[in-house]
file structure_39.txt (compact mmCIF, N, CA and C atoms)
# COMPACT_ATOMS: atom_id res chain seq x y z
N MET Z 1 0.85 -1.17 0.00
CA MET Z 1 0.00 0.00 0.00
C MET Z 1 0.90 1.24 0.00
N THR Z 2 0.70 2.10 -0.97
CA THR Z 2 1.53 3.29 -1.06
C THR Z 2 1.01 4.39 -0.15
N GLN Z 3 1.84 5.38 0.07
CA GLN Z 3 1.48 6.52 0.92
C GLN Z 3 0.29 7.27 0.30
N GLN Z 4 0.26 7.37 -1.03
CA GLN Z 4 -0.82 8.08 -1.71
C GLN Z 4 -2.15 7.35 -1.53
N HIS Z 5 -2.13 6.01 -1.64
CA HIS Z 5 -3.35 5.25 -1.42
C HIS Z 5 -3.83 5.38 0.02
N HIS Z 6 -2.89 5.37 0.95
CA HIS Z 6 -3.26 5.51 2.35
C HIS Z 6 -3.91 6.86 2.61
N LEU Z 7 -3.33 7.92 2.07
CA LEU Z 7 -3.88 9.26 2.26
C LEU Z 7 -5.26 9.38 1.63
N ARG Z 8 -5.43 8.83 0.43
CA ARG Z 8 -6.73 8.88 -0.24
C ARG Z 8 -7.77 8.10 0.56
N GLY Z 9 -7.38 6.97 1.11
CA GLY Z 9 -8.31 6.18 1.92
C GLY Z 9 -8.71 6.90 3.19
N VAL Z 10 -7.75 7.55 3.83
CA VAL Z 10 -8.06 8.31 5.05
C VAL Z 10 -9.00 9.46 4.72
N LEU Z 11 -8.74 10.16 3.61
CA LEU Z 11 -9.62 11.26 3.22
C LEU Z 11 -11.03 10.78 2.89
N LEU Z 12 -11.14 9.67 2.19
CA LEU Z 12 -12.47 9.14 1.87
C LEU Z 12 -13.21 8.70 3.12
N ALA Z 13 -12.53 8.00 4.01
CA ALA Z 13 -13.19 7.52 5.22
C ALA Z 13 -13.59 8.67 6.12
N SER Z 14 -12.72 9.66 6.29
CA SER Z 14 -13.08 10.79 7.14
C SER Z 14 -14.18 11.62 6.51
N SER Z 15 -14.17 11.78 5.19
CA SER Z 15 -15.25 12.50 4.51
C SER Z 15 -16.58 11.78 4.70
N ALA Z 16 -16.55 10.46 4.60
CA ALA Z 16 -17.78 9.70 4.81
C ALA Z 16 -18.31 9.89 6.21
N CYS Z 17 -17.44 9.86 7.20
CA CYS Z 17 -17.87 10.03 8.59
C CYS Z 17 -18.45 11.42 8.82
N ILE Z 18 -17.78 12.43 8.29
CA ILE Z 18 -18.26 13.80 8.48
C ILE Z 18 -19.59 14.00 7.76
N LEU Z 19 -19.71 13.49 6.54
CA LEU Z 19 -20.95 13.63 5.79
C LEU Z 19 -22.09 12.91 6.50
N TRP Z 20 -21.80 11.76 7.07
CA TRP Z 20 -22.80 11.02 7.82
C TRP Z 20 -23.28 11.84 9.02
N GLY Z 21 -22.35 12.47 9.72
CA GLY Z 21 -22.72 13.30 10.87
C GLY Z 21 -23.52 14.52 10.47
N ILE Z 22 -23.11 15.18 9.39
CA ILE Z 22 -23.83 16.37 8.93
C ILE Z 22 -25.24 15.99 8.50
N SER Z 23 -25.40 14.85 7.85
CA SER Z 23 -26.73 14.46 7.39
C SER Z 23 -27.67 14.19 8.56
N GLY Z 24 -27.12 13.67 9.65
CA GLY Z 24 -27.96 13.48 10.84
C GLY Z 24 -28.42 14.80 11.41
N VAL Z 25 -27.54 15.79 11.40
CA VAL Z 25 -27.90 17.13 11.87
C VAL Z 25 -28.95 17.72 10.93
N ALA Z 26 -28.75 17.56 9.61
CA ALA Z 26 -29.71 18.10 8.64
C ALA Z 26 -31.08 17.45 8.80
N ALA Z 27 -31.09 16.14 9.01
CA ALA Z 27 -32.37 15.45 9.17
C ALA Z 27 -33.09 15.91 10.42
N SER Z 28 -32.36 16.05 11.52
CA SER Z 28 -33.02 16.49 12.75
C SER Z 28 -33.49 17.94 12.61
N THR Z 29 -32.74 18.77 11.88
CA THR Z 29 -33.18 20.14 11.64
C THR Z 29 -34.46 20.16 10.81
N LEU Z 30 -34.53 19.29 9.82
CA LEU Z 30 -35.73 19.20 9.00
C LEU Z 30 -36.93 18.79 9.85
N PHE Z 31 -36.74 17.85 10.75
CA PHE Z 31 -37.85 17.40 11.58
C PHE Z 31 -38.25 18.45 12.61
N ILE Z 32 -37.29 19.20 13.11
CA ILE Z 32 -37.62 20.27 14.06
C ILE Z 32 -38.35 21.40 13.36
N ALA Z 33 -37.88 21.76 12.16
CA ALA Z 33 -38.48 22.87 11.42
C ALA Z 33 -39.88 22.55 10.91
N ASN Z 34 -40.15 21.27 10.67
CA ASN Z 34 -41.45 20.88 10.14
C ASN Z 34 -42.09 19.87 11.09
N PRO Z 35 -42.92 20.32 12.03
CA PRO Z 35 -43.50 19.40 13.01
C PRO Z 35 -44.39 18.33 12.39
N HIS Z 36 -44.86 18.56 11.17
CA HIS Z 36 -45.70 17.54 10.52
C HIS Z 36 -44.88 16.29 10.20
N LEU Z 37 -43.61 16.46 9.89
CA LEU Z 37 -42.76 15.30 9.61
C LEU Z 37 -42.46 14.51 10.88
N THR Z 38 -42.39 15.21 12.03
CA THR Z 38 -42.09 14.54 13.29
C THR Z 38 -43.18 13.53 13.65
N ALA Z 39 -44.40 13.88 13.35
CA ALA Z 39 -45.52 13.01 13.74
C ALA Z 39 -45.99 12.12 12.60
N MET Z 40 -45.17 11.91 11.59
CA MET Z 40 -45.67 11.16 10.43
C MET Z 40 -45.93 9.69 10.72
N TRP Z 41 -45.40 9.13 11.78
CA TRP Z 41 -45.69 7.73 12.09
C TRP Z 41 -47.01 7.61 12.84
N ARG Z 42 -47.58 8.72 13.27
CA ARG Z 42 -48.84 8.68 14.00
C ARG Z 42 -50.03 9.06 13.14
N VAL Z 43 -49.82 9.89 12.16
CA VAL Z 43 -50.92 10.37 11.33
C VAL Z 43 -50.58 10.16 9.87
N HIS Z 44 -51.61 10.17 9.06
CA HIS Z 44 -51.40 10.07 7.62
C HIS Z 44 -50.88 11.42 7.13
N LEU Z 45 -49.81 11.39 6.39
CA LEU Z 45 -49.18 12.62 5.94
C LEU Z 45 -48.90 12.52 4.46
N THR Z 46 -49.25 13.54 3.76
CA THR Z 46 -48.90 13.58 2.34
C THR Z 46 -47.74 14.53 2.17
N LEU Z 47 -46.71 14.07 1.51
CA LEU Z 47 -45.52 14.88 1.26
C LEU Z 47 -45.67 15.64 -0.05
N THR Z 48 -45.23 16.88 -0.04
CA THR Z 48 -45.15 17.62 -1.29
C THR Z 48 -43.93 17.11 -2.04
N TRP Z 49 -43.82 17.49 -3.30
CA TRP Z 49 -42.66 17.07 -4.08
C TRP Z 49 -41.38 17.67 -3.52
N PHE Z 50 -41.47 18.87 -2.98
CA PHE Z 50 -40.31 19.51 -2.39
C PHE Z 50 -39.85 18.74 -1.15
N GLN Z 51 -40.80 18.37 -0.29
CA GLN Z 51 -40.47 17.61 0.91
C GLN Z 51 -39.91 16.24 0.55
N PHE Z 52 -40.50 15.62 -0.47
CA PHE Z 52 -40.00 14.33 -0.92
C PHE Z 52 -38.57 14.47 -1.46
N GLY Z 53 -38.31 15.56 -2.18
CA GLY Z 53 -36.97 15.82 -2.69
C GLY Z 53 -35.97 16.01 -1.56
N LEU Z 54 -36.36 16.76 -0.50
CA LEU Z 54 -35.48 16.93 0.65
C LEU Z 54 -35.20 15.61 1.34
N LEU Z 55 -36.21 14.78 1.46
CA LEU Z 55 -36.04 13.46 2.06
C LEU Z 55 -35.10 12.61 1.21
N LEU Z 56 -35.23 12.70 -0.08
CA LEU Z 56 -34.35 11.95 -0.98
C LEU Z 56 -32.91 12.45 -0.87
N VAL Z 57 -32.72 13.76 -0.75
CA VAL Z 57 -31.38 14.32 -0.59
C VAL Z 57 -30.75 13.81 0.71
N ILE Z 58 -31.54 13.79 1.79
CA ILE Z 58 -31.02 13.29 3.06
C ILE Z 58 -30.64 11.82 2.95
N ILE Z 59 -31.44 11.04 2.26
CA ILE Z 59 -31.14 9.62 2.08
C ILE Z 59 -29.86 9.45 1.26
N LEU Z 60 -29.76 10.18 0.16
CA LEU Z 60 -28.59 10.02 -0.71
C LEU Z 60 -27.32 10.57 -0.08
N LEU Z 61 -27.38 11.78 0.48
CA LEU Z 61 -26.18 12.38 1.06
C LEU Z 61 -25.87 11.84 2.45
N GLY Z 62 -26.87 11.34 3.14
CA GLY Z 62 -26.65 10.88 4.51
C GLY Z 62 -26.39 9.40 4.65
N THR Z 63 -26.76 8.62 3.65
CA THR Z 63 -26.58 7.18 3.76
C THR Z 63 -25.81 6.60 2.58
N VAL Z 64 -26.28 6.84 1.39
CA VAL Z 64 -25.69 6.20 0.21
C VAL Z 64 -24.28 6.73 -0.06
N ALA Z 65 -24.11 8.05 -0.11
CA ALA Z 65 -22.79 8.62 -0.40
C ALA Z 65 -21.75 8.25 0.66
N PRO Z 66 -22.05 8.40 1.96
CA PRO Z 66 -21.04 7.99 2.94
C PRO Z 66 -20.71 6.51 2.88
N PHE Z 67 -21.71 5.67 2.63
CA PHE Z 67 -21.44 4.23 2.53
C PHE Z 67 -20.52 3.94 1.35
N LEU Z 68 -20.78 4.56 0.21
CA LEU Z 68 -19.94 4.33 -0.97
C LEU Z 68 -18.52 4.84 -0.74
N MET Z 69 -18.38 6.01 -0.09
CA MET Z 69 -17.04 6.52 0.20
C MET Z 69 -16.31 5.61 1.19
N PHE Z 70 -17.05 5.13 2.20
CA PHE Z 70 -16.45 4.23 3.18
C PHE Z 70 -16.00 2.94 2.52
N ALA Z 71 -16.85 2.37 1.66
CA ALA Z 71 -16.50 1.12 0.97
C ALA Z 71 -15.30 1.34 0.05
N ARG Z 72 -15.24 2.48 -0.63
CA ARG Z 72 -14.11 2.79 -1.51
C ARG Z 72 -12.82 2.98 -0.71
N SER Z 73 -12.94 3.53 0.48
CA SER Z 73 -11.74 3.76 1.29
C SER Z 73 -11.10 2.45 1.73
N LEU Z 74 -11.87 1.38 1.78
CA LEU Z 74 -11.33 0.09 2.23
C LEU Z 74 -10.29 -0.47 1.26
N SER Z 75 -10.31 0.00 0.02
CA SER Z 75 -9.28 -0.46 -0.92
C SER Z 75 -7.98 0.31 -0.75
N ASP Z 76 -8.01 1.41 0.00
CA ASP Z 76 -6.82 2.23 0.17
C ASP Z 76 -6.24 2.18 1.57
N ILE Z 77 -7.05 1.88 2.58
CA ILE Z 77 -6.55 1.81 3.96
C ILE Z 77 -7.04 0.51 4.59
N LEU Z 78 -6.48 0.18 5.73
CA LEU Z 78 -6.88 -1.03 6.43
C LEU Z 78 -8.30 -0.89 6.99
N PRO Z 79 -9.04 -1.97 7.02
CA PRO Z 79 -10.41 -1.91 7.57
C PRO Z 79 -10.44 -1.44 9.02
N THR Z 80 -9.42 -1.80 9.80
CA THR Z 80 -9.41 -1.34 11.20
C THR Z 80 -9.27 0.17 11.28
N THR Z 81 -8.45 0.76 10.41
CA THR Z 81 -8.30 2.22 10.39
C THR Z 81 -9.62 2.88 10.02
N ALA Z 82 -10.27 2.36 8.99
CA ALA Z 82 -11.55 2.92 8.55
C ALA Z 82 -12.61 2.77 9.64
N SER Z 83 -12.62 1.66 10.33
CA SER Z 83 -13.61 1.44 11.39
C SER Z 83 -13.39 2.37 12.57
N LEU Z 84 -12.13 2.59 12.92
CA LEU Z 84 -11.84 3.52 14.02
C LEU Z 84 -12.25 4.94 13.65
N MET Z 85 -12.03 5.32 12.41
CA MET Z 85 -12.45 6.66 11.98
C MET Z 85 -13.97 6.76 11.96
N ASP Z 86 -14.63 5.69 11.58
CA ASP Z 86 -16.10 5.68 11.54
C ASP Z 86 -16.68 5.77 12.95
N ALA Z 87 -15.95 5.30 13.93
CA ALA Z 87 -16.46 5.34 15.31
C ALA Z 87 -16.57 6.77 15.83
N PHE Z 88 -15.88 7.71 15.19
CA PHE Z 88 -15.95 9.11 15.62
C PHE Z 88 -17.12 9.86 14.99
N GLU Z 89 -17.95 9.20 14.21
CA GLU Z 89 -19.08 9.86 13.55
C GLU Z 89 -20.02 10.54 14.54
N PRO Z 90 -20.40 9.90 15.65
CA PRO Z 90 -21.28 10.62 16.59
C PRO Z 90 -20.62 11.87 17.16
N LEU Z 91 -19.31 11.81 17.35
CA LEU Z 91 -18.60 12.97 17.86
C LEU Z 91 -18.59 14.09 16.82
N ALA Z 92 -18.42 13.74 15.54
CA ALA Z 92 -18.46 14.74 14.47
C ALA Z 92 -19.84 15.38 14.39
N ALA Z 93 -20.88 14.58 14.53
CA ALA Z 93 -22.24 15.12 14.51
C ALA Z 93 -22.46 16.08 15.67
N THR Z 94 -21.91 15.77 16.82
CA THR Z 94 -22.03 16.65 17.98
C THR Z 94 -21.31 17.97 17.74
N VAL Z 95 -20.11 17.90 17.20
CA VAL Z 95 -19.34 19.13 16.94
C VAL Z 95 -20.07 20.01 15.95
N PHE Z 96 -20.61 19.42 14.88
CA PHE Z 96 -21.35 20.21 13.90
C PHE Z 96 -22.64 20.77 14.49
N SER Z 97 -23.30 20.03 15.38
CA SER Z 97 -24.50 20.53 16.04
C SER Z 97 -24.19 21.75 16.89
N ILE Z 98 -23.08 21.70 17.60
CA ILE Z 98 -22.69 22.83 18.44
C ILE Z 98 -22.30 24.03 17.57
N ALA Z 99 -21.52 23.76 16.53
CA ALA Z 99 -20.99 24.85 15.71
C ALA Z 99 -22.06 25.53 14.86
N PHE Z 100 -22.97 24.77 14.28
CA PHE Z 100 -23.91 25.34 13.32
C PHE Z 100 -25.33 25.50 13.84
N LEU Z 101 -25.71 24.75 14.85
CA LEU Z 101 -27.08 24.82 15.35
C LEU Z 101 -27.16 25.40 16.76
N ASN Z 102 -26.01 25.76 17.33
CA ASN Z 102 -25.96 26.31 18.69
C ASN Z 102 -26.63 25.39 19.72
N VAL Z 103 -26.41 24.11 19.59
CA VAL Z 103 -26.96 23.14 20.52
C VAL Z 103 -26.19 23.23 21.84
N GLN Z 104 -26.89 23.24 22.94
CA GLN Z 104 -26.28 23.25 24.26
C GLN Z 104 -26.15 21.81 24.75
N LEU Z 105 -24.95 21.40 25.12
CA LEU Z 105 -24.72 20.03 25.57
C LEU Z 105 -25.10 19.87 27.04
N THR Z 106 -25.62 18.71 27.35
CA THR Z 106 -25.94 18.37 28.73
C THR Z 106 -24.84 17.49 29.30
N ARG Z 107 -24.97 17.17 30.55
CA ARG Z 107 -24.00 16.28 31.21
C ARG Z 107 -23.97 14.93 30.52
N PHE Z 108 -25.13 14.44 30.09
CA PHE Z 108 -25.19 13.13 29.44
C PHE Z 108 -24.51 13.15 28.07
N ASP Z 109 -24.56 14.28 27.38
CA ASP Z 109 -23.86 14.40 26.10
C ASP Z 109 -22.35 14.29 26.29
N PHE Z 110 -21.85 14.95 27.34
CA PHE Z 110 -20.41 14.86 27.63
C PHE Z 110 -20.01 13.44 28.01
N ILE Z 111 -20.85 12.79 28.81
CA ILE Z 111 -20.56 11.40 29.20
C ILE Z 111 -20.56 10.50 27.97
N GLY Z 112 -21.54 10.70 27.08
CA GLY Z 112 -21.60 9.90 25.85
C GLY Z 112 -20.39 10.12 24.97
N GLY Z 113 -19.95 11.37 24.82
CA GLY Z 113 -18.75 11.66 24.03
C GLY Z 113 -17.52 11.01 24.62
N LEU Z 114 -17.42 11.06 25.94
CA LEU Z 114 -16.29 10.42 26.61
C LEU Z 114 -16.32 8.91 26.39
N LEU Z 115 -17.50 8.32 26.44
CA LEU Z 115 -17.62 6.87 26.21
C LEU Z 115 -17.22 6.50 24.78
N VAL Z 116 -17.59 7.34 23.81
CA VAL Z 116 -17.19 7.08 22.43
C VAL Z 116 -15.67 7.11 22.30
N ILE Z 117 -15.04 8.12 22.89
CA ILE Z 117 -13.58 8.23 22.83
C ILE Z 117 -12.92 7.03 23.51
N LEU Z 118 -13.44 6.63 24.68
CA LEU Z 118 -12.87 5.47 25.38
C LEU Z 118 -13.06 4.19 24.58
N ALA Z 119 -14.20 4.05 23.91
CA ALA Z 119 -14.45 2.85 23.10
C ALA Z 119 -13.48 2.79 21.93
N VAL Z 120 -13.24 3.92 21.28
CA VAL Z 120 -12.29 3.95 20.17
C VAL Z 120 -10.89 3.62 20.65
N MET Z 121 -10.52 4.15 21.82
CA MET Z 121 -9.20 3.84 22.37
C MET Z 121 -9.10 2.35 22.70
N ALA Z 122 -10.16 1.78 23.25
CA ALA Z 122 -10.14 0.35 23.58
C ALA Z 122 -10.04 -0.50 22.32
N LEU Z 123 -10.70 -0.08 21.26
CA LEU Z 123 -10.63 -0.84 20.01
C LEU Z 123 -9.26 -0.76 19.36
N SER Z 124 -8.53 0.31 19.62
CA SER Z 124 -7.23 0.47 18.98
C SER Z 124 -6.11 -0.25 19.71
N ILE Z 125 -6.39 -0.77 20.90
CA ILE Z 125 -5.37 -1.46 21.68
C ILE Z 125 -5.23 -2.89 21.16
N ASN Z 126 -3.99 -3.32 20.98
CA ASN Z 126 -3.72 -4.69 20.59
C ASN Z 126 -3.74 -5.55 21.86
N PRO Z 127 -4.75 -6.43 22.04
CA PRO Z 127 -4.87 -7.16 23.31
C PRO Z 127 -3.69 -8.10 23.58
N HIS Z 128 -3.13 -8.71 22.55
CA HIS Z 128 -2.01 -9.63 22.76
C HIS Z 128 -0.79 -8.88 23.29
N ARG Z 129 -0.52 -7.72 22.71
CA ARG Z 129 0.60 -6.92 23.16
C ARG Z 129 0.36 -6.41 24.59
N MET Z 130 -0.88 -6.02 24.89
CA MET Z 130 -1.21 -5.52 26.22
C MET Z 130 -1.04 -6.62 27.27
N PHE Z 131 -1.53 -7.82 26.99
CA PHE Z 131 -1.40 -8.93 27.95
C PHE Z 131 0.07 -9.31 28.15
N ARG Z 132 0.85 -9.30 27.06
CA ARG Z 132 2.28 -9.59 27.16
C ARG Z 132 2.96 -8.55 28.04
N TYR Z 133 2.60 -7.27 27.86
CA TYR Z 133 3.17 -6.21 28.68
C TYR Z 133 2.79 -6.38 30.15
N LEU Z 134 1.53 -6.70 30.41
CA LEU Z 134 1.08 -6.87 31.80
C LEU Z 134 1.76 -8.07 32.46
N ARG Z 135 1.94 -9.18 31.70
CA ARG Z 135 2.63 -10.34 32.26
C ARG Z 135 4.08 -10.01 32.60
N ARG Z 136 4.76 -9.30 31.70
CA ARG Z 136 6.15 -8.91 31.96
C ARG Z 136 6.23 -7.99 33.18
N ARG Z 137 5.31 -7.09 33.28
CA ARG Z 137 5.32 -6.16 34.40
C ARG Z 137 5.06 -6.90 35.72
N ARG Z 138 4.16 -7.88 35.69
CA ARG Z 138 3.85 -8.63 36.89
C ARG Z 138 5.06 -9.45 37.34
N THR Z 139 5.79 -10.04 36.39
CA THR Z 139 6.96 -10.83 36.75
C THR Z 139 8.08 -9.93 37.28
N HIS Z 140 8.19 -8.70 36.77
CA HIS Z 140 9.21 -7.78 37.26
C HIS Z 140 8.89 -7.28 38.66
N THR Z 141 7.63 -7.07 38.97
CA THR Z 141 7.27 -6.56 40.30
C THR Z 141 7.32 -7.66 41.35
N SER Z 142 7.11 -8.91 40.95
CA SER Z 142 7.14 -10.02 41.92
C SER Z 142 8.56 -10.48 42.23
N SER Z 143 9.55 -10.14 41.37
CA SER Z 143 10.93 -10.57 41.64
C SER Z 143 11.71 -9.59 42.47
call {"tool": "encode", "arguments": {"input": "structure_39.txt", "output": "structure tokens"}}
result
Amino acid sequence: MTQQHHLRGVLLASSACILWGISGVAASTLFIANPHLTAMWRVHLTLTWFQFGLLLVIILLGTVAPFLMFARSLSDILPTTASLMDAFEPLAATVFSIAFLNVQLTRFDFIGGLLVILAVMALSINPHRMFRYLRRRRTHTSS
């Protein structure tokens, strides 16, 4: 794998994650701005062509495009690298919500962000190397 392929894969994977986060913010903004869409599972709702077009844009830009970019990035970077970058998608959505929608975070939002970061760190640890290190350390402290 060349350096250029690696860089292209990282850019595709990170773009997919950011686009996925932005689309979630856009979808929630659409539902907040139009209360009729929020209650569409409870009542019969007819969509105008404009609303249907917005829904289609959210589907294409929020699901299809990020998935295709993510799948394409797998040919340029390792799947573990792409998966770790994808794990930061909720964090990216939070940052964009704060920056563009002036969302105020609660204590639970901070706890959730911390849990995402800890989960990504846990996934990046090589368990065999960690256990080997702990065994060596235990033998050094007992002698």
call {"tool": "atom_distance", "arguments": {"input": "structure_39.txt", "atom1": "atom N of Leu114 (chain Z)", "atom2": "atom N of Ala71 (chain Z)"}}
result
25.8 Å
call {"tool": "atom_distance", "arguments": {"input": "structure_39.txt", "atom1": "CA of Asn126 (chain Z)", "atom2": "atom C of Thr80 (chain Z)"}}
result
11.9 Å
call {"tool": "closest_atom_pairs", "arguments": {"input": "structure_39.txt", "of": "region 45-102 of chain Z", "to": "region 12-34 of chain Z", "cutoff": "8 Å", "atoms": "only C-alpha atoms", "output": "tab-separated table"}}
result
residue	atom	partner	partner_atom	distance
Z:Ile58	CA	Z:Ser23	CA	6.2
Z:Leu61	CA	Z:Ser23	CA	6.7
Z:Gly62	CA	Z:Ser23	CA	4.6
Z:Thr63	CA	Z:Trp20	CA	6.7
Z:Ala65	CA	Z:Ala16	CA	7.3
Z:Pro66	CA	Z:Ala16	CA	4.1
Z:Phe67	CA	Z:Ala16	CA	7.0
Z:Met69	CA	Z:Leu12	CA	5.5
Z:Phe70	CA	Z:Ala13	CA	5.1
Z:Arg72	CA	Z:Leu12	CA	7.4
Z:Ser73	CA	Z:Leu12	CA	5.5
Z:Ala82	CA	Z:Ala13	CA	5.9
Z:Met85	CA	Z:Ser14	CA	6.4
Z:Asp86	CA	Z:Cys17	CA	5.5
Z:Phe88	CA	Z:Cys17	CA	7.3
Z:Glu89	CA	Z:Cys17	CA	5.1
Z:Pro90	CA	Z:Gly21	CA	6.5
Z:Ala92	CA	Z:Gly21	CA	5.8
Z:Ala93	CA	Z:Gly21	CA	4.1
Z:Thr94	CA	Z:Gly21	CA	7.9
Z:Phe96	CA	Z:Ile22	CA	6.8
Z:Ser97	CA	Z:Val25	CA	6.4
call {"tool": "closest_residue", "arguments": {"input": "structure_39.txt", "among": "Z:Leu101, Z:Ile111, Z:Ala87, Z:Val95", "to": "Ser124 (chain Z)", "atoms": "only C-alpha atoms"}}
result
Z:Ala87
call {"tool": "atom_distance", "arguments": {"input": "structure_39.txt", "atom1": "atom C of Gly9 (chain Z)", "atom2": "atom N of Leu78 (chain Z)"}}
result
7.5 Å
call {"tool": "closest_residue", "arguments": {"input": "structure_39.txt", "among": "Z:Arg132, Z:His6, Z:Arg107, Z:Arg137", "to": "Ile77 (chain Z)", "atoms": "only C-alpha atoms"}}
result
Z:His6
call {"tool": "closest_residue", "arguments": {"input": "structure_39.txt", "among": "Z:Gly53, Z:Asp76, Z:Gln104, Z:Thr48", "to": "Leu7 (chain Z)", "atoms": "all atoms listed in the file"}}
result
Z:Asp76
call {"tool": "closest_residue", "arguments": {"input": "structure_39.txt", "among": "Z:Thr139, Z:Thr81, Z:His128, Z:Phe52", "to": "Val10 (chain Z)", "atoms": "all atoms listed in the file"}}
result
Z:Thr81
call {"tool": "closest_residue", "arguments": {"input": "structure_39.txt", "among": "Z:Asn102, Z:Gln51, Z:Gln3, Z:Ser83", "to": "Leu123 (chain Z)", "atoms": "only C-alpha atoms"}}
result
Z:Ser83
call {"tool": "build_atoms", "arguments": {"input": "structure_39.txt", "residues": "region 103-116 of chain Z", "atoms": "N, CA, C and O atoms", "output": "compact mmCIF listing (two decimals), in the frame of the given file"}}
result
# COMPACT_ATOMS: atom_id res chain seq x y z
N VAL Z 103 -26.41 24.11 19.59
CA VAL Z 103 -26.96 23.14 20.52
C VAL Z 103 -26.19 23.23 21.84
O VAL Z 103 -24.96 23.32 21.85
N GLN Z 104 -26.89 23.24 22.94
CA GLN Z 104 -26.28 23.25 24.26
C GLN Z 104 -26.15 21.81 24.75
O GLN Z 104 -27.14 21.07 24.78
N LEU Z 105 -24.95 21.40 25.12
CA LEU Z 105 -24.72 20.03 25.57
C LEU Z 105 -25.10 19.87 27.04
O LEU Z 105 -24.89 20.77 27.84
N THR Z 106 -25.62 18.71 27.35
CA THR Z 106 -25.94 18.37 28.73
C THR Z 106 -24.84 17.49 29.30
O THR Z 106 -23.92 17.07 28.58
N ARG Z 107 -24.97 17.17 30.55
CA ARG Z 107 -24.00 16.28 31.21
C ARG Z 107 -23.97 14.93 30.52
O ARG Z 107 -22.91 14.33 30.34
N PHE Z 108 -25.13 14.44 30.09
CA PHE Z 108 -25.19 13.13 29.44
C PHE Z 108 -24.51 13.15 28.07
O PHE Z 108 -23.93 12.15 27.64
N ASP Z 109 -24.56 14.28 27.38
CA ASP Z 109 -23.86 14.40 26.10
C ASP Z 109 -22.35 14.29 26.29
O ASP Z 109 -21.65 13.64 25.52
N PHE Z 110 -21.85 14.95 27.34
CA PHE Z 110 -20.41 14.86 27.63
C PHE Z 110 -20.01 13.44 28.01
O PHE Z 110 -18.98 12.93 27.58
N ILE Z 111 -20.85 12.79 28.81
CA ILE Z 111 -20.56 11.40 29.20
C ILE Z 111 -20.56 10.50 27.97
O ILE Z 111 -19.69 9.65 27.80
N GLY Z 112 -21.54 10.70 27.08
CA GLY Z 112 -21.60 9.90 25.85
C GLY Z 112 -20.39 10.12 24.97
O GLY Z 112 -19.83 9.17 24.41
N GLY Z 113 -19.95 11.37 24.82
CA GLY Z 113 -18.75 11.66 24.03
C GLY Z 113 -17.52 11.01 24.62
O GLY Z 113 -16.68 10.47 23.91
N LEU Z 114 -17.42 11.06 25.94
CA LEU Z 114 -16.29 10.42 26.61
C LEU Z 114 -16.32 8.91 26.39
O LEU Z 114 -15.27 8.29 26.15
N LEU Z 115 -17.50 8.32 26.44
CA LEU Z 115 -17.62 6.87 26.21
C LEU Z 115 -17.22 6.50 24.78
O LEU Z 115 -16.60 5.46 24.55
N VAL Z 116 -17.59 7.34 23.81
CA VAL Z 116 -17.19 7.08 22.43
C VAL Z 116 -15.67 7.11 22.30
O VAL Z 116 -15.06 6.23 21.69
